[in-house]
Amino acid sequence: MSEQPHREKTPTETIDVSAVEQQASKSAIQLSTESRGKNRRSAITSREQLPKARRVVVKVGSSSLTSIENSIDENALRGIVDALGRVKAQGVEIVFVSSGAITAGLQPLGLSRRPKDLSTKQAAASVGQGLLISRYTEYFARYHVTVGQVLLTAEDLMRHSQYKNAHRQIERLLDLGILPIVNENDAVATHEIKFGDNDRIAALVAHLIKADALLLLSDVDALYTKPPQDGGERIATVTDPITDLEGVEIGTIGRAGVGSGGMVTKVEAARIAAASGIPALVTSAANIERALAGEDVGTWFATTGGRRNVRLLWLAHLADIKGTLTLDDGAVDAIRGRRSLLAAGVTAVSGTFTAGDPVSMVDSEGSEVGHGLVNYGSDEIPGMLGKRTDELGEEFGEDYARELVHVDNLVNLRRRSARTKLKQ
């Protein structure tokens with residue numbers, strides 16, 4: 001292990017982290033104060049108030065729209081369009097996040113199962129996206145609703161310039177009375193820049209446009225303590241997604257085997273939305289009309305926080321983590337107390353990363369406590385471990401007399417309870 005940082009590659013020579021993050025922070029604040037204001041929580045506080053929502057993001061899973069055998073389920077699709085068309089006619093702004101592009105393209109390509117390789121998935125998606133948008137255009141026209149397709153990749157919501165462009169695009173469509181239909185752009189997304197599911201896209205789009213509520217619809221009518229056939233009971237409301245889900249068996253795949261996430265991704269998406277001030281309802285597509293009418297269906301996730309800086313939301317849920325910093329107890333307390341991470345509190349480093357990359361921070365037992373944007377590369381940090389900031393400045397120069405992770409580039413994470421089970 002090297003005892004000294006590599007002087008020839010200082011952080012200021014590779015990236016001016018402070019300047020970049022100051023600009024990103026300023027821009028994120030400007031975005032979050034648009035339209036409805038910074039740190040806003042939705043005025044909708046219960047499922048009974050959903051009919052009062054003026055802007056709703058609705059996500060429907062692949063299993064509710066398509067099947068491997070029959071491609072697009074025409075009856076299911078018409079039922080969803082009917083429900084959304086009637087609500088939009090009442091003046092509600094709807095953003096529809098639709099899965100199903102890959103599965104819709106399987107039958108036209110003569111495929112009998114969902115492909116595993118990326119290029120075939122992209123081929124299926126390029127065919128299926130056209131088929132789905134054609135059906136939506138036709139069916140929504142019966143309600144005199146014009147639809148617009150919005151295809152996103154993870155990168156579109158990770159990079160500020162692209163995030164801002166996506167925000168403007170969807171807002172403008174809504175201003176023009178168009179119903180945006182959003183999907184992950186599977187036809188071009190690579191493994192490295194994929195969300196992997198449309199549930200998280202829906203949560204982040206809800207945050208993007210400051211929605212009043214998020215509906216996550218699949219083939220399961222609610223979250224249960226365990227499978228209903230085994231005596232599981234419906235969880236009607238989740239006020240704390242950590243403690244309230246202790247002992248719950250959460251499925252990781254859907255019944256039909258055509259989606260990419262199952263209930264676990266819906267719970268994660270609901271948590272993302274709730275943490276950013278947007279309540280979420282998880283239920284079945286068959287319950288769409290009852291849900292929009294405010295009836296007692298599904299599982300309601302109450303808000304647990306206010307609207308968040310988009311950069312920190314990305315850092316918590318979407319960042320591609322490049323390495324890990326192991327912290328002592330004092331450093332764990334410091335970051336939980338919203339203070340910067342110093343080299344003196346780090347006991348080990350793993351992974352390969354450069355200045356400005358996102359890293360995970362774990363305690364001495366390996367439990368994750370936060371994510372942060374690191375100020376130094378993985379080749380520089382080993383020689384800095386355990387040393388005070390003034391010592392680093394004296395030994396290696398003023399470029400090293402600062403924190404490993406600044407508090408403004410750090411987000412705390414809450415652990416899922418060890419008693420929450422993921423059922424394969």
# chains A, B, ... in the order shown; residues from 1 in each chain; ligands from 1
>>> select_by_dssp(residues="range 145-391 of chain A", states="strand (DSSP E or B)", output="number ranges by chain")
A: 147-152, 179-184, 213-218, 224, 234, 237-238, 249-251, 280-284, 299-301, 323-327, 341, 346-351, 358-362, 368-373
>>> closest_atom_pairs(of="range 228-294 of chain A", to="range 49-59 of chain A", cutoff="7 Å", atoms="only C-alpha atoms", output="tab-separated table")
residue	atom	partner	partner_atom	distance
A:Leu292	CA	A:Leu50	CA	6.0
A:Ala293	CA	A:Pro51	CA	5.5
A:Gly294	CA	A:Leu50	CA	5.2
>>> residues_around(residues="Glu184 in chain A", least_positions_apart="6", cutoff="7 Å", atoms="only C-alpha atoms", output="list of chain:residue names")
A:Leu151, A:Leu152, A:Thr153, A:Asn198
>>> closest_residue(among="A:Asp82, A:Asp197, A:Glu365, A:Asp175", to="Arg142 in chain A", atoms="only C-alpha atoms")
A:Asp82
>>> closest_residue(among="A:Asp333, A:Glu403, A:Asp199, A:Asp240", to="Gly370 in chain A", atoms="only C-alpha atoms")
A:Asp333
>>> select_by_dssp(residues="range 52-128 of chain A", states="helix (DSSP H, G or I)", output="number ranges by chain")
A: 52, 62-65, 74-89, 101-104, 118-128
